[in-house]
Amino acid sequence: MSSIPGALLTPKQVADRRVPAPHTSMFARMLLRAAVLRRRRAASALLAMIVAAAVATAMMNLYVDVQAKLRTEFRNYGANVVIVAKEGQGLPADALAKVESVLGAKTMAVPFAYAVARIKGGQSDGQSVVVVGTDFTRARQLNHWWKVSRWPSAPNEVLVGMRAATVVSPKAGPNRQPFELTFQGKAIELAPAGMLQTGADEDSRIYLDQSEFQNWTGVAPSTIEIAVNGTAAEVEESIRQLAQLLPSADVRPVRQIMEAEANVLNKTRATLYASATLVVLTSALCVLATLIGWVFDRRRDFAIMKALGASERLINGFFAAEAAALGVVGAILGFVIGIGVAAWIGRVNFHAPVVPRFSVFPYVLAGSVAVALISAVLPIVLLRRVQPAIILRGE
Amino acid sequence: MFPRIVYESFRRQARRKLLAGVAITLGVAVATAMIAVATDIGDKINRELRSYGANLVVTPQEDTLDVEVGGVNLKPPSDGAFLNEADLPKIRGTFWHHNIVGFSPMLPVTVKVGSDARDVTLLGTYFNKALSFGKDDFTTGARITHPWWKVSCGDGRESLNCAWPDDNSQNVLLGERLAAKVGKRPGDTIEISGRRLTISGIVSTGGAEDDQIVAPLALAQDVLGKPGAVRRVYVSAMTKPPDALSVRDPKTMTPEVYDRWYCSPYVESIAYQLQEVIPHSHAEQIRQVAQNEGTVLSRIKGLMLLITFAALFASALAVSAAMATAIYERRVEVGLMKALGAGNLAVSAIFFAEALLLALVGGVAGFSAGALLARQIGRSIFNSRISIEPVLFPVIIAIAVFVTFAGSAAAIRRAVKFDPVFALRGEG
């Protein structure tokens, strides 16, 4: 309504309206009118801004979060730290509890106790076989790659390695024969619950529940395998803490796992970084192209303002404020969309949402405003040399 | 007349055309680089995943049970079956030999060491052995299959005097913890079963080898008295992630399915082929390594794919924006042409011809720049080239033309619809 100057308003009313803050209201009106009157061009500039901010937000979110996601993925490779009792000594009875108290409950720690038993009866009478006592629920969570036909549930049920099975219970089929083992003269009858296949040493062993194992052999766990979650530095720190806590044991990193993980993670991170940079640069370019076109297109406004006697500072301020407003609005909307995109990628690719990182927002905001300012000021600098009359004449 | 208008437009508005051309070039370059990286990333990460070591192990078919606790095998060393070292080069003759990064034979022998005659495992293996199969010369060994094994002087220092032994030498590596226990340093000699051997370095592996002696395979065979004997072979191969086909039993497959299975680099089919070439052997996947790489690989590949889509989207938008701006600025020209009697079709044709020219030039330049960019990424991150399939070239050019057309279409439509009178008066 107020765009029709003077209509229905007495001069006094007009003056009254101007009194509170004449410059501010005029300035705001110019900004708003420019956006409304050329809404098509303004919308396309804003759209470019939003897309760029969204892409940048998604990339930054992913870059930070994907490393954590991949690290949990790498934990499927199993333990990256082992605690081994020093020669001739056992681990203290509360070792496992101590480990969990230091590393927290979400860290997976599995105890293993080893003994060499002899087979009693059957065609392989007297042959040696390694029997391991462990906690099945924990081992199952730590060692995802173990291919197990059925986990033991009843007392005296054991998990028999593929190769051990051919010796202790040679008859194939789902219901394998029970067998007898002796350790230092003490015999025990065990029923195979399922087969274990790993392709490594485990295939030649027999796995028994820890407490039953200890009742039978009296041997306490000598090894604890731990999957410590976190960055390389965090794992180092955990190793140092554990070594302090258990002076009677050797705490060693599993170099095979840790070094390979660091290698693959570094390469992935570098690739991600390079791609994210490319994508963000491209979208910044898109904004630049659109905004320069938009501002250039309004050289008439610029010329009229100049012809009406606007100072250079005011014109610069006007276009800068316009660009900044565009940058801020674009950054906020883009940030929201970008978080959504990152969450979607996380869900599709990692089956877990990417946690929104609001710490990214200041960077997105600063970047958007900076790109918007650059693309607004660049054409202004070019236009400043041109006489307003020439622009207005349409040359 | 038509070619002349287009030609003059390029000649007289070189700066504007350059801007649009640069936008197209950059957009295409980013798209090309991202597509190249995304298509090659699987192969590259697969190679990097080999730093987890061997994913297959070949053992004798009729082997007796291993009785191994804490890296010490209680099984009598000459007990059980062996593979023949002479069969190993045949691994290079399998169907997927290009995917086999390396292999290392292992022969553990229990020996007595030092004055207290303690039992220590002497592990015979290849370090970097030169072998040949047919006309194919290659080297393989633990340095390739066990990249986390580090040789030093024992105190963390690395020097020229502490190195991997030669595969034909009588020199050995001492495990880190064993060296500390027996108090030996590189350069010292150690007496093993009546032989005086020189210690060429201290090996640190973070595994059972830290308590062992690692020696050239020939030396271990000599100590055991069984020339040519190998207890097991670790094979490191690049594999395809498992799927429904990979886990099927080859015995139950129809011939066509069998061929497809045999000709896919699944860890199962490579194991099957290893068994074929090495007599009396049993090849098994090391599940800890083999089963997990598929997940990691598919995650990274999926991520790169999605990012590539984002990159394609962003570059398409950048190109469209640049084209729209370039056309919008030429409304006066359109007004003039229409005032002189040009039809909408003729005006559109001129713009589309210009867009096509720009897209072709920008596409070719962008493709070359993108190829360079991809190669640079490959070299700096993976230390190897990222190859660009030639088939990508027409695809990229087609995409560039399509995106440029799509980006221009809306702007051209608006420019053509614009009333020439307003355009010529400079009102818009």
# chains A, B, ... in the order shown; residues from 1 in each chain; ligands from 1
call {"tool": "residues_around", "arguments": {"residues": "Lys69 in chain A", "least_positions_apart": "3", "cutoff": "12 Å", "atoms": "only C-alpha atoms", "output": "mmCIF file with N, CA and C atoms, in the first residue's frame"}}
result
data_model
loop_
_atom_site.group_PDB
_atom_site.id
_atom_site.type_symbol
_atom_site.label_atom_id
_atom_site.label_comp_id
_atom_site.auth_asym_id
_atom_site.auth_seq_id
_atom_site.Cartn_x
_atom_site.Cartn_y
_atom_site.Cartn_z
ATOM 1 N N ASN A 61 29.616 -32.164 7.259
ATOM 2 C CA ASN A 61 29.054 -33.122 8.211
ATOM 3 C C ASN A 61 29.573 -34.518 7.936
ATOM 4 N N LEU A 62 29.548 -34.896 6.659
ATOM 5 C CA LEU A 62 29.995 -36.235 6.283
ATOM 6 C C LEU A 62 31.474 -36.406 6.596
ATOM 7 N N TYR A 63 32.255 -35.383 6.238
ATOM 8 C CA TYR A 63 33.694 -35.492 6.423
ATOM 9 C C TYR A 63 34.030 -35.798 7.877
ATOM 10 N N VAL A 64 33.328 -35.121 8.791
ATOM 11 C CA VAL A 64 33.602 -35.335 10.214
ATOM 12 C C VAL A 64 33.037 -36.680 10.663
ATOM 13 N N ASP A 65 31.827 -36.978 10.232
ATOM 14 C CA ASP A 65 31.117 -38.127 10.789
ATOM 15 C C ASP A 65 31.524 -39.454 10.162
ATOM 16 N N VAL A 66 31.872 -39.409 8.877
ATOM 17 C CA VAL A 66 32.167 -40.660 8.187
ATOM 18 C C VAL A 66 33.361 -41.366 8.809
ATOM 19 N N THR A 72 33.907 -47.523 13.407
ATOM 20 C CA THR A 72 33.089 -48.595 13.993
ATOM 21 C C THR A 72 33.025 -49.768 13.020
ATOM 22 N N GLU A 73 32.996 -49.455 11.720
ATOM 23 C CA GLU A 73 32.995 -50.512 10.715
ATOM 24 C C GLU A 73 34.273 -51.347 10.837
ATOM 25 N N PHE A 74 35.377 -50.664 11.069
ATOM 26 C CA PHE A 74 36.664 -51.356 11.174
ATOM 27 C C PHE A 74 36.756 -52.216 12.429
ATOM 28 N N ARG A 75 35.949 -51.893 13.427
ATOM 29 C CA ARG A 75 35.981 -52.709 14.642
ATOM 30 C C ARG A 75 35.480 -54.139 14.376
ATOM 31 N N ASN A 76 34.817 -54.343 13.237
ATOM 32 C CA ASN A 76 34.410 -55.700 12.883
ATOM 33 C C ASN A 76 35.605 -56.595 12.618
ATOM 34 N N ASN A 229 37.469 -48.736 20.755
ATOM 35 C CA ASN A 229 36.908 -47.860 19.734
ATOM 36 C C ASN A 229 37.549 -46.487 19.859
ATOM 37 N N GLY A 230 37.885 -45.875 18.745
ATOM 38 C CA GLY A 230 38.389 -44.511 18.818
ATOM 39 C C GLY A 230 39.519 -44.264 17.847
ATOM 40 N N THR A 231 40.044 -43.049 17.903
ATOM 41 C CA THR A 231 41.140 -42.683 17.009
ATOM 42 C C THR A 231 42.420 -43.365 17.480
ATOM 43 N N LEU A 265 41.911 -45.779 6.418
ATOM 44 C CA LEU A 265 41.169 -44.609 6.873
ATOM 45 C C LEU A 265 41.797 -43.322 6.333
ATOM 46 N N ARG A 269 39.959 -40.731 3.963
ATOM 47 C CA ARG A 269 39.775 -39.360 4.419
ATOM 48 C C ARG A 269 40.320 -38.379 3.383
ATOM 49 N N ILE A 345 22.273 -39.686 3.550
ATOM 50 C CA ILE A 345 23.429 -40.457 3.068
ATOM 51 C C ILE A 345 23.883 -41.436 4.147
ATOM 52 N N GLY A 346 23.902 -40.965 5.398
ATOM 53 C CA GLY A 346 24.288 -41.843 6.495
ATOM 54 C C GLY A 346 23.375 -43.046 6.586
ATOM 55 N N ARG A 347 22.076 -42.806 6.424
ATOM 56 C CA ARG A 347 21.114 -43.892 6.543
ATOM 57 C C ARG A 347 21.260 -44.875 5.383
ATOM 58 N N ASN A 349 23.893 -45.334 3.346
ATOM 59 C CA ASN A 349 25.188 -45.987 3.182
ATOM 60 C C ASN A 349 25.664 -46.693 4.440
ATOM 61 N N PHE A 350 25.407 -46.131 5.605
ATOM 62 C CA PHE A 350 25.952 -46.715 6.827
ATOM 63 C C PHE A 350 24.861 -47.277 7.739
ATOM 64 N N HIS A 351 23.617 -47.160 7.324
ATOM 65 C CA HIS A 351 22.495 -47.656 8.111
ATOM 66 C C HIS A 351 22.489 -47.056 9.505
ATOM 67 N N ALA A 352 23.009 -45.850 9.617
ATOM 68 C CA ALA A 352 22.962 -45.121 10.882
ATOM 69 C C ALA A 352 22.978 -43.651 10.523
ATOM 70 N N PRO A 353 22.120 -42.842 11.144
ATOM 71 C CA PRO A 353 22.067 -41.433 10.747
ATOM 72 C C PRO A 353 23.352 -40.708 11.119
ATOM 73 N N VAL A 354 23.699 -39.721 10.296
ATOM 74 C CA VAL A 354 24.826 -38.861 10.609
ATOM 75 C C VAL A 354 24.336 -37.816 11.604
ATOM 76 N N VAL A 355 25.037 -37.734 12.716
ATOM 77 C CA VAL A 355 24.622 -36.793 13.759
ATOM 78 C C VAL A 355 24.833 -35.369 13.249
ATOM 79 N N VAL B 296 33.613 -52.912 4.350
ATOM 80 C CA VAL B 296 34.360 -51.653 4.308
ATOM 81 C C VAL B 296 34.364 -51.116 2.881
ATOM 82 N N ARG B 299 30.959 -49.764 1.772
ATOM 83 C CA ARG B 299 30.672 -48.487 2.439
ATOM 84 C C ARG B 299 31.394 -47.344 1.729
ATOM 85 N N ILE B 300 32.682 -47.532 1.484
ATOM 86 C CA ILE B 300 33.470 -46.449 0.892
ATOM 87 C C ILE B 300 33.006 -46.192 -0.540
ATOM 88 N N LEU B 303 29.689 -44.353 -0.463
ATOM 89 C CA LEU B 303 29.892 -42.963 -0.064
ATOM 90 C C LEU B 303 30.373 -42.131 -1.250
#
call {"tool": "residues_around", "arguments": {"residues": "Glu62 in chain B", "least_positions_apart": "2", "cutoff": "12 Å", "atoms": "only C-alpha atoms", "output": "JSON, numbers by chain"}}
result
{"A": [163, 166, 167], "B": [58, 59, 60, 64, 65, 79, 80, 81, 82, 83, 231, 279, 280, 281, 282]}
call {"tool": "interface_residues", "arguments": {"of": "chain B", "to": "chain A", "cutoff": "8 Å", "atoms": "only C-alpha atoms", "output": "PyMOL selection string"}}
result
chain B and resi 23+26-27+30+34+45+48-49+51-53+56-57+65-69+148+205-207+284-289+291-292+295-296+299-300+302-304+306-307+310-311+314-315+317-319+321-322+325-326+329+377+381-382+425-426
call {"tool": "closest_residue", "arguments": {"among": "A:Ala227, A:Ile332, A:Ser375, A:Ser101", "to": "Phe358 in chain A", "atoms": "only C-alpha atoms"}}
result
A:Ile332
call {"tool": "select_by_dssp", "arguments": {"residues": "range 47-224 of chain A", "states": "strand (DSSP E or B)", "output": "PyMOL selection string"}}
result
chain A and resi 81-85+108-120+128-134+147-148+157-161+179-183+186-197+205-209+223-224
call {"tool": "atom_distance", "arguments": {"atom1": "CA of Arg185 in chain B", "atom2": "CA of Cys162 in chain B"}}
result
9.5 Å
call {"tool": "residues_around", "arguments": {"residues": "Leu246 in chain A", "least_positions_apart": "3", "cutoff": "10 Å", "atoms": "only C-alpha atoms", "output": "NGL selection string"}}
result
:A and (83 or 85 or 91-92 or 95 or 98-99 or 241-243 or 249-251)
call {"tool": "residues_around", "arguments": {"residues": "Tyr272 in chain B", "least_positions_apart": "6", "cutoff": "10 Å", "atoms": "only C-alpha atoms", "output": "ChimeraX atom specification"}}
result
/B:94,250,262,266,282-284
call {"tool": "write_last_selection", "arguments": {"atoms": "N, CA and C atoms", "output": "PDB file, in the first residue's frame"}}
result
ATOM      1  N   THR B  94      46.953 -69.151 -12.105  1.00  0.00           N
ATOM      2  CA  THR B  94      45.504 -69.260 -11.906  1.00  0.00           C
ATOM      3  C   THR B  94      44.790 -68.193 -12.724  1.00  0.00           C
ATOM      4  N   PRO B 250      30.092 -74.902  -5.527  1.00  0.00           N
ATOM      5  CA  PRO B 250      30.301 -75.081  -6.971  1.00  0.00           C
ATOM      6  C   PRO B 250      29.812 -76.439  -7.482  1.00  0.00           C
ATOM      7  N   TYR B 262      33.187 -69.038 -11.424  1.00  0.00           N
ATOM      8  CA  TYR B 262      34.613 -69.294 -11.589  1.00  0.00           C
ATOM      9  C   TYR B 262      35.320 -68.045 -12.091  1.00  0.00           C
ATOM     10  N   TYR B 266      35.650 -63.837  -6.544  1.00  0.00           N
ATOM     11  CA  TYR B 266      35.207 -64.071  -5.162  1.00  0.00           C
ATOM     12  C   TYR B 266      36.344 -64.752  -4.418  1.00  0.00           C
ATOM     13  N   HIS B 282      44.504 -77.683   0.458  1.00  0.00           N
ATOM     14  CA  HIS B 282      43.190 -77.210   0.858  1.00  0.00           C
ATOM     15  C   HIS B 282      43.320 -75.706   1.055  1.00  0.00           C
ATOM     16  N   ALA B 283      42.563 -74.925   0.287  1.00  0.00           N
ATOM     17  CA  ALA B 283      42.641 -73.468   0.423  1.00  0.00           C
ATOM     18  C   ALA B 283      41.407 -72.986   1.161  1.00  0.00           C
ATOM     19  N   GLU B 284      41.635 -72.098   2.076  1.00  0.00           N
ATOM     20  CA  GLU B 284      40.556 -71.626   2.945  1.00  0.00           C
ATOM     21  C   GLU B 284      40.674 -70.113   3.048  1.00  0.00           C
TER      22      GLU B 284
END
call {"tool": "select_by_dssp", "arguments": {"residues": "range 115-302 of chain B", "states": "helix (DSSP H, G or I)", "output": "PyMOL selection string"}}
result
chain B and resi 142-145+176-182+208-211+217-224+250-252+255-262+267-277+287-302
call {"tool": "write_last_selection", "arguments": {"atoms": "C-alpha atoms", "output": "CSV table (one decimal), in the first residue's frame"}}
result
chain,number,residue,atom,x,y,z
B,142,ALA,CA,56.3,-61.5,3.6
B,143,ARG,CA,57.2,-57.9,2.7
B,144,ILE,CA,54.2,-57.8,0.5
B,145,THR,CA,51.8,-60.1,2.3
B,176,GLU,CA,61.4,-58.3,19.2
B,177,ARG,CA,60.6,-60.0,22.5
B,178,LEU,CA,62.9,-62.9,21.8
B,179,ALA,CA,65.8,-60.5,21.2
B,180,ALA,CA,65.2,-58.8,24.5
B,181,LYS,CA,65.0,-62.2,26.3
B,182,VAL,CA,68.2,-63.6,24.8
B,208,ALA,CA,53.4,-64.4,17.6
B,209,GLU,CA,56.5,-63.7,15.4
B,210,ASP,CA,57.8,-61.4,18.1
B,211,ASP,CA,58.8,-64.5,20.1
B,217,LEU,CA,62.6,-70.6,3.8
B,218,ALA,CA,65.6,-72.6,2.5
B,219,LEU,CA,67.3,-72.3,5.8
B,220,ALA,CA,64.2,-73.5,7.7
B,221,GLN,CA,64.0,-76.5,5.3
B,222,ASP,CA,67.6,-77.2,5.9
B,223,VAL,CA,67.2,-77.2,9.6
B,224,LEU,CA,64.2,-79.5,9.4
B,250,PRO,CA,30.3,-75.1,-7.0
B,251,LYS,CA,29.3,-78.8,-7.1
B,252,THR,CA,25.6,-77.9,-7.2
B,255,PRO,CA,27.6,-75.1,-16.1
B,256,GLU,CA,26.7,-71.5,-16.9
B,257,VAL,CA,26.4,-70.5,-13.2
B,258,TYR,CA,29.6,-72.3,-12.5
B,259,ASP,CA,31.4,-70.4,-15.3
B,260,ARG,CA,30.1,-67.1,-13.9
B,261,TRP,CA,31.2,-68.1,-10.4
B,262,TYR,CA,34.6,-69.3,-11.6
B,267,VAL,CA,37.4,-65.2,-2.3
B,268,GLU,CA,35.7,-68.6,-2.6
B,269,SER,CA,36.5,-69.0,-6.3
B,270,ILE,CA,40.1,-67.9,-5.9
B,271,ALA,CA,40.4,-70.5,-3.1
B,272,TYR,CA,39.0,-73.1,-5.4
B,273,GLN,CA,41.5,-72.2,-8.2
B,274,LEU,CA,44.4,-72.3,-5.7
B,275,GLN,CA,43.3,-75.8,-4.8
B,276,GLU,CA,43.3,-76.7,-8.5
B,277,VAL,CA,46.9,-75.6,-9.1
B,287,ARG,CA,37.5,-65.0,7.5
B,288,GLN,CA,38.7,-62.2,9.8
B,289,VAL,CA,40.3,-60.5,6.8
B,290,ALA,CA,38.1,-61.8,3.9
B,291,GLN,CA,34.7,-61.3,5.4
B,292,ASN,CA,35.2,-57.7,6.6
B,293,GLU,CA,36.7,-56.2,3.6
B,294,GLY,CA,33.5,-56.5,1.6
B,295,THR,CA,31.6,-54.3,4.1
B,296,VAL,CA,34.4,-51.7,4.3
B,297,LEU,CA,34.7,-51.6,0.5
B,298,SER,CA,31.0,-51.3,-0.2
B,299,ARG,CA,30.7,-48.5,2.4
B,300,ILE,CA,33.5,-46.4,0.9
B,301,LYS,CA,32.3,-47.1,-2.6
B,302,GLY,CA,28.7,-46.1,-1.7
call {"tool": "residues_around", "arguments": {"residues": "Ser200 in chain B", "least_positions_apart": "4", "cutoff": "7 Å", "atoms": "only C-alpha atoms", "output": "PyMOL selection string"}}
result
chain B and resi 162-165+171-173+186-187
call {"tool": "write_last_selection", "arguments": {"atoms": "N, CA and C atoms", "output": "compact mmCIF listing (two decimals), in the first residue's frame"}}
result
# COMPACT_ATOMS: atom_id res chain seq x y z
N CYS B 162 70.67 -52.82 9.72
CA CYS B 162 69.56 -53.66 10.16
C CYS B 162 68.57 -53.73 9.02
N ALA B 163 68.57 -54.83 8.31
CA ALA B 163 67.73 -54.92 7.13
C ALA B 163 67.13 -56.30 7.01
N TRP B 164 66.20 -56.42 6.06
CA TRP B 164 65.64 -57.73 5.78
C TRP B 164 66.75 -58.62 5.23
N PRO B 165 66.81 -59.88 5.66
CA PRO B 165 67.84 -60.76 5.12
C PRO B 165 67.54 -61.11 3.65
N ASN B 171 71.15 -65.57 6.94
CA ASN B 171 70.88 -64.57 7.98
C ASN B 171 69.43 -64.68 8.44
N VAL B 172 69.20 -64.28 9.68
CA VAL B 172 67.85 -64.40 10.23
C VAL B 172 67.42 -63.08 10.88
N LEU B 173 66.10 -62.97 11.10
CA LEU B 173 65.54 -61.88 11.88
C LEU B 173 65.13 -62.43 13.23
N PRO B 186 71.37 -56.91 16.33
CA PRO B 186 71.73 -57.17 14.94
C PRO B 186 73.25 -57.16 14.76
N GLY B 187 73.74 -58.06 13.97
CA GLY B 187 75.18 -58.18 13.78
C GLY B 187 75.76 -59.32 14.61
call {"tool": "atom_distance", "arguments": {"atom1": "CA of Lys417 in chain B", "atom2": "CA of Leu19 in chain B"}}
result
24.9 Å
call {"tool": "atom_distance", "arguments": {"atom1": "CA of Ala307 in chain A", "atom2": "CA of Val386 in chain A"}}
result
11.9 Å
call {"tool": "residues_around", "arguments": {"residues": "range 214-221 of chain A", "least_positions_apart": "4", "cutoff": "7 Å", "atoms": "only C-alpha atoms", "output": "PyMOL selection string"}}
result
chain A and resi 90-91+111-113+183+210
call {"tool": "decode", "arguments": {"residues": "range 263-283 of chain B", "atoms": "N, CA and C atoms", "output": "PDB file, in the first residue's frame"}}
result
ATOM      1  N   CYS B 263      34.617 -67.270 -12.918  1.00  0.00           N
ATOM      2  CA  CYS B 263      35.237 -66.102 -13.541  1.00  0.00           C
ATOM      3  C   CYS B 263      34.953 -64.816 -12.775  1.00  0.00           C
ATOM      4  N   SER B 264      34.489 -64.923 -11.516  1.00  0.00           N
ATOM      5  CA  SER B 264      34.348 -63.735 -10.671  1.00  0.00           C
ATOM      6  C   SER B 264      35.398 -63.850  -9.576  1.00  0.00           C
ATOM      7  N   PRO B 265      36.054 -62.735  -9.236  1.00  0.00           N
ATOM      8  CA  PRO B 265      37.115 -62.844  -8.231  1.00  0.00           C
ATOM      9  C   PRO B 265      36.584 -62.919  -6.794  1.00  0.00           C
ATOM     10  N   TYR B 266      35.650 -63.837  -6.544  1.00  0.00           N
ATOM     11  CA  TYR B 266      35.207 -64.071  -5.162  1.00  0.00           C
ATOM     12  C   TYR B 266      36.344 -64.752  -4.418  1.00  0.00           C
ATOM     13  N   VAL B 267      36.385 -64.538  -3.118  1.00  0.00           N
ATOM     14  CA  VAL B 267      37.428 -65.203  -2.339  1.00  0.00           C
ATOM     15  C   VAL B 267      37.235 -66.721  -2.429  1.00  0.00           C
ATOM     16  N   GLU B 268      35.988 -67.160  -2.542  1.00  0.00           N
ATOM     17  CA  GLU B 268      35.709 -68.598  -2.636  1.00  0.00           C
ATOM     18  C   GLU B 268      36.244 -69.185  -3.943  1.00  0.00           C
ATOM     19  N   SER B 269      36.037 -68.443  -5.058  1.00  0.00           N
ATOM     20  CA  SER B 269      36.477 -69.023  -6.326  1.00  0.00           C
ATOM     21  C   SER B 269      37.995 -68.959  -6.458  1.00  0.00           C
ATOM     22  N   ILE B 270      38.622 -67.942  -5.865  1.00  0.00           N
ATOM     23  CA  ILE B 270      40.087 -67.913  -5.891  1.00  0.00           C
ATOM     24  C   ILE B 270      40.633 -69.078  -5.062  1.00  0.00           C
ATOM     25  N   ALA B 271      40.003 -69.351  -3.904  1.00  0.00           N
ATOM     26  CA  ALA B 271      40.421 -70.500  -3.088  1.00  0.00           C
ATOM     27  C   ALA B 271      40.306 -71.791  -3.891  1.00  0.00           C
ATOM     28  N   TYR B 272      39.214 -71.908  -4.624  1.00  0.00           N
ATOM     29  CA  TYR B 272      38.961 -73.097  -5.440  1.00  0.00           C
ATOM     30  C   TYR B 272      40.058 -73.262  -6.499  1.00  0.00           C
ATOM     31  N   GLN B 273      40.430 -72.129  -7.118  1.00  0.00           N
ATOM     32  CA  GLN B 273      41.458 -72.178  -8.165  1.00  0.00           C
ATOM     33  C   GLN B 273      42.837 -72.482  -7.586  1.00  0.00           C
ATOM     34  N   LEU B 274      43.110 -71.998  -6.367  1.00  0.00           N
ATOM     35  CA  LEU B 274      44.392 -72.312  -5.729  1.00  0.00           C
ATOM     36  C   LEU B 274      44.485 -73.810  -5.475  1.00  0.00           C
ATOM     37  N   GLN B 275      43.362 -74.378  -5.025  1.00  0.00           N
ATOM     38  CA  GLN B 275      43.343 -75.821  -4.786  1.00  0.00           C
ATOM     39  C   GLN B 275      43.608 -76.594  -6.071  1.00  0.00           C
ATOM     40  N   GLU B 276      43.120 -76.052  -7.179  1.00  0.00           N
ATOM     41  CA  GLU B 276      43.329 -76.729  -8.463  1.00  0.00           C
ATOM     42  C   GLU B 276      44.799 -76.785  -8.856  1.00  0.00           C
ATOM     43  N   VAL B 277      45.534 -75.665  -8.618  1.00  0.00           N
ATOM     44  CA  VAL B 277      46.909 -75.626  -9.118  1.00  0.00           C
ATOM     45  C   VAL B 277      47.911 -76.231  -8.151  1.00  0.00           C
ATOM     46  N   ILE B 278      47.608 -76.232  -6.860  1.00  0.00           N
ATOM     47  CA  ILE B 278      48.555 -76.805  -5.905  1.00  0.00           C
ATOM     48  C   ILE B 278      48.047 -78.190  -5.508  1.00  0.00           C
ATOM     49  N   PRO B 279      48.783 -79.240  -5.856  1.00  0.00           N
ATOM     50  CA  PRO B 279      48.286 -80.598  -5.610  1.00  0.00           C
ATOM     51  C   PRO B 279      48.151 -80.894  -4.111  1.00  0.00           C
ATOM     52  N   HIS B 280      47.173 -81.684  -3.781  1.00  0.00           N
ATOM     53  CA  HIS B 280      46.914 -82.136  -2.412  1.00  0.00           C
ATOM     54  C   HIS B 280      46.824 -80.982  -1.440  1.00  0.00           C
ATOM     55  N   SER B 281      46.170 -79.920  -1.839  1.00  0.00           N
ATOM     56  CA  SER B 281      46.098 -78.766  -0.948  1.00  0.00           C
ATOM     57  C   SER B 281      44.654 -78.473  -0.589  1.00  0.00           C
ATOM     58  N   HIS B 282      44.504 -77.683   0.458  1.00  0.00           N
ATOM     59  CA  HIS B 282      43.190 -77.210   0.858  1.00  0.00           C
ATOM     60  C   HIS B 282      43.320 -75.706   1.055  1.00  0.00           C
ATOM     61  N   ALA B 283      42.563 -74.925   0.287  1.00  0.00           N
ATOM     62  CA  ALA B 283      42.641 -73.468   0.423  1.00  0.00           C
ATOM     63  C   ALA B 283      41.407 -72.986   1.161  1.00  0.00           C
TER      64      ALA B 283
END
